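Visitor: Dumping the structure here so I can ask a few things about it.
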Amino acid sequence: MTDLNTIISTFSSEDQQRFINYLEKKNKRSDTKNVQLFKYLLHDDLNSNELCFKLYGNQNKGAYHALRKRLYQSIIDFIANTSLQEEKAIDMQIIKYILAARTCLQNKQYKVAYKILDKAEIVATEHHLFPLLNEIYHTKIQYAYAEPSIDINQLISKFKNNQKRHRLEDQLNIVYAKIRQTFHNNIYKGHVVDFEIILKTTLKEHNISFSESMSFKSLYQLIAINSFSAFVTNDYLKIEPFLINTYKSIIEYKDREKQLYYHIQILYLIANTLFRNKKFKDSQNYLNLMHHYMKQKRKKYYNTFRLKYNLLTSLNLNYTNYQEKAINLLSTLVKIKHPDVESLLDIRLSLIMFYFQKNDFKTAFRLFSKFYHTDKWYIEKAGKEWVIKKHLMEILLHIELKNIDLVDSRLLSFKRNYTNYLKEINQHRALIFLSLAEDCYKNPEITTSVAFKNKVENAFEWISKDREDIFVMSFYAWLKSKMENQPLYYTTLNLIEL
């Protein structure tokens, strides 16, 4: 039932009701159980045997699986029909203009034909529909001889520029795909790569310059590529001006609604970058804008982005002294079903961090106990960096809960599995932090001593607060709270306040 649950979890409340109406209109018999099964999948957490019994009163597996297949096909048809209605309306209108114009041209009604083609050109240009623009210019050039007022050289110039932009979009799409594949195959599997070299090599290979004119989708891909770079290097401050300036150029386009999905993606990437740079108010402003567009087009993409939106909102709340609001927001999301597994994992780990900073270690550990998959599974879903944060959090939880035997075993396991990797990516400070944490739990009386404070001071190569990663600072805040004998949350907020 996994495929059905995954697809259904992306439906907004309006989508759910529209799909039920779609099924009811489609059903030719009154005893069809597809609507009933859909509602059970929406609201009940039942396995296949339980669903079968609720529907038929017995284990009629043959009928149940046939019903499931029919429901699955109906969902696919519904999604496809909805997409065709919403996404292809403009394309179909332009195609109608082109076909009507060609009919007029064949009947030698040249002035009427060119007026129709002019309309088609305006709409296609606004929506960056390069293949259709190609057809429009092709047709205009073909019959230019029959209309004296046409400047054929200008038409040819437009035609060539459109071909260039179309090729650029195709090439950037290839670069984006290659970068994402490299990112997934290497970073998420824990391999060490030089991202900047890969980016420059791939762009050079396809002869792409950032200065060229791009479509909304291409600009999103460009922003995403730069965001990957920031993720790998932890240098979000470096890319912030580029993201903001690029977005300002994007909002000049008239086709924002047409490319709504990419618009929301860009707003999220900017909001996340501002959060990582500890500019919480600016980050929330972009999140508010993101939420505005999530509600457009009958909330078409609301469910797709709601986890990311709520997670980032809660992080902004937590780091601006609204911890209870942050906890309440995420507590409603930890048990839901959603295809965005990575965000679900981030939500659980963030909520654990909030409770940990609150000194509610028992609740944090109870949530942590829900992580029951292997490291390999988590690395595939969220990446090796996420898994390392998870293990560091677990070790700190055991220290606070005074689970001494578990601390020793987790420390040994972590060092055995991740020491070489952390050294390879030049993250020695994670190992240094772990060593200092070990000192704290073995000899808690030394943590407030001058000698220990000097040891911590000399242990790290410090960088400025504005460039330091907020999550790295949060781990260090635990050490600082021990040295100053102050509450962790208070110490964390003081530390990140610039």
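Chain labels A, B, ... are given in the sequence in which chains occur in the structure tokens; within each chain residues are numbered consecutively from 1, and ligands are likewise numbered from 1 in the order shown.
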For Leu311 (chain A), list every protein, DNA or RNA residue within 8 Å, evaluated using only C-alpha atoms, and leave out those in the same chain fewer than 5 positions away; present the list as a list in words.
Guide: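 After dropping sequence-adjacent residues, the list is Leu330, Ser343, Asp346 and Ile347 of chain A.
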Visitor: Write out, as a compact mmCIF listing (two decimals), in the first residue's frame, the residues just selected, with C-alpha atoms.
Guide:
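Result saved to selection38.txt:
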# COMPACT_ATOMS: atom_id res chain seq x y z
CA LEU A 330 6.89 20.50 15.14
CA SER A 343 12.15 16.71 5.85
CA ASP A 346 14.95 16.81 9.87
CA ILE A 347 11.76 17.62 11.79
Visitor: Name all residues at most 12 Å from Lys300 (chain A) (count only C-alpha atoms; drop same-chain ones fewer than 5 positions away) and give them as a PyMOL selection string.
Guide: chain A and resi 10-16+79+82-83+86-87+257+260-261+264+293-295+305-306
Visitor: With only C-alpha atoms as the counted atoms, please give the residues lying no more than 9 Å from Thr139 (chain A), apart from itself and same-chain residues fewer than 5 positions off, as a JSON list (two decimals) with C-alpha atoms, in the first residue's frame.
Guide:
[["chain", "number", "residue", "atom", "x", "y", "z"],
["A", 98, "ILE", "CA", -0.48, 28.98, -34.71],
["A", 101, "ALA", "CA", -2.71, 31.65, -38.43],
["A", 102, "ARG", "CA", -1.41, 28.95, -40.79],
["A", 117, "LEU", "CA", 0.93, 35.19, -34.68],
["A", 134, "ASN", "CA", 10.43, 28.50, -32.69],
["A", 144, "ALA", "CA", 7.51, 37.15, -44.79]]
Visitor: May I have a table of the residues of region 276-360 of chain A lying at most 7 Å from region 364-378 of chain A, giving each one's closest pair of atoms and their distance in Å to one decimal, counting only C-alpha atoms, ordered by chain and ascending residue number, as CSV?
Guide:
residue,atom,partner,partner_atom,distance
A:Ile352,CA,A:Ala364,CA,4.7
A:Tyr355,CA,A:Ala364,CA,5.4
A:Phe356,CA,A:Ala364,CA,5.9
A:Asp360,CA,A:Ala364,CA,6.4
Visitor: Can you tell me, as a list in words, what residues are no more than 10 Å from Tyr143 (chain A) when counting only C-alpha atoms, ignoring any on the same chain fewer than 3 positions away?
Guide: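 Counting only the stated atoms, we get Arg102, Leu105, Gln106, Lys108, Tyr110, Ala113, Tyr114, His138, Thr139, Lys140, Ala146, Glu147, Ile150 and Ile152 of chain A.
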Visitor: Using C-alpha atoms, can you write the selected residues to a file as a CSV table (one decimal), in the first residue's frame?
Guide:
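part25.csv written:
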chain,number,residue,atom,x,y,z
A,102,ARG,CA,-1.4,29.0,-40.8
A,105,LEU,CA,-1.8,32.2,-44.5
A,106,GLN,CA,-2.8,29.3,-46.8
A,108,LYS,CA,-3.7,34.4,-48.3
A,110,TYR,CA,-1.7,37.6,-44.4
A,113,ALA,CA,-2.5,35.7,-39.8
A,114,TYR,CA,0.3,38.0,-38.6
A,138,HIS,CA,9.5,29.7,-38.5
A,139,THR,CA,6.0,30.5,-39.8
A,140,LYS,CA,6.5,34.3,-39.8
A,146,ALA,CA,3.9,38.2,-48.7
A,147,GLU,CA,3.8,41.0,-46.1
A,150,ILE,CA,7.7,42.6,-42.1
A,152,ILE,CA,12.7,39.7,-42.2
Visitor: From the options A:Ser409, A:Ser9, A:Asn426, A:Gln59, which residue's atoms come nearest to His43 (chain A), counting only C-alpha atoms?
Guide: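 The closest residue to His43 (chain A) is A:Ser9.
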Visitor: Could you pull out the helix (DSSP H, G or I) residues of region 43-94 of chain A, going by DSSP on the backbone, and write them as a VMD selection string?
Guide: chain A and resid 43 48 to 56 61 to 87 89 to 94
Visitor: For CA of Thr6 (chain A) and CA of Leu333 (chain A), quote the distance in Å rounded to one decimal.
Guide: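 It comes out at 15.8 Å.
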Visitor: Restricting the calculation to only C-alpha atoms, which member of A:Leu307, A:Ala437, A:Phe78, A:Thr313 is positioned closest to Val341 (chain A)?
Guide: A:Leu307
Visitor: Could you check which of A:Phe471, A:Tyr309, A:Tyr421, A:Tyr262 is closest to Lys389 (chain A), using only C-alpha atoms?
Guide: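 Between A:Phe471, A:Tyr309, A:Tyr421, A:Tyr262, the residue approaching Lys389 (chain A) most closely is A:Phe471.
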Visitor: Identify which of the residues A:Thr246, A:Gln259, A:Gln17, A:Gln93 lies closest to Lys119 (chain A), counting only C-alpha atoms when measuring atom-to-atom distances.
Guide: A:Gln93
Visitor: Choose the residue, out of A:Ile496, A:Val112, A:Leu401, A:Leu412, that has the smallest atom-to-atom separation from Phe361 (chain A); count only C-alpha atoms.
Guide: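 Of the candidates, the smallest distance to Phe361 (chain A) is held by A:Leu401.
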Visitor: Counting only C-alpha atoms, figure out which residue out of A:Tyr476, A:Tyr56, A:Tyr301, A:Tyr236 gets nearest to Leu493 (chain A).
Guide: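 Counting only C-alpha atoms, the residue closest to Leu493 (chain A) is A:Tyr476.
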Visitor: List the spatial neighbours of Leu411 (chain A) as a VMD selection string - criterion: any atom at most 9 Å away, only C-alpha atoms, same-chain residues fewer than 2 positions off excluded.
Guide: chain A and resid 392 395 406 to 409 413 to 416 434 438
Visitor: In Å, how far is it from CA of Thr447 (chain A) to CA of Ile404 (chain A)?
Guide: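 Interatomic distance, CA of Thr447 (chain A) to CA of Ile404 (chain A): 17.5 Å.
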Visitor: Which residues are close to Tyr220 (chain A), i.e. within 8 Å by only C-alpha atoms, leaving aside same-chain residues fewer than 6 positions away? Reply as a list in words.
Guide: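 The residues satisfying every condition are Tyr262, His263, Gln265 and Ile266 of chain A.
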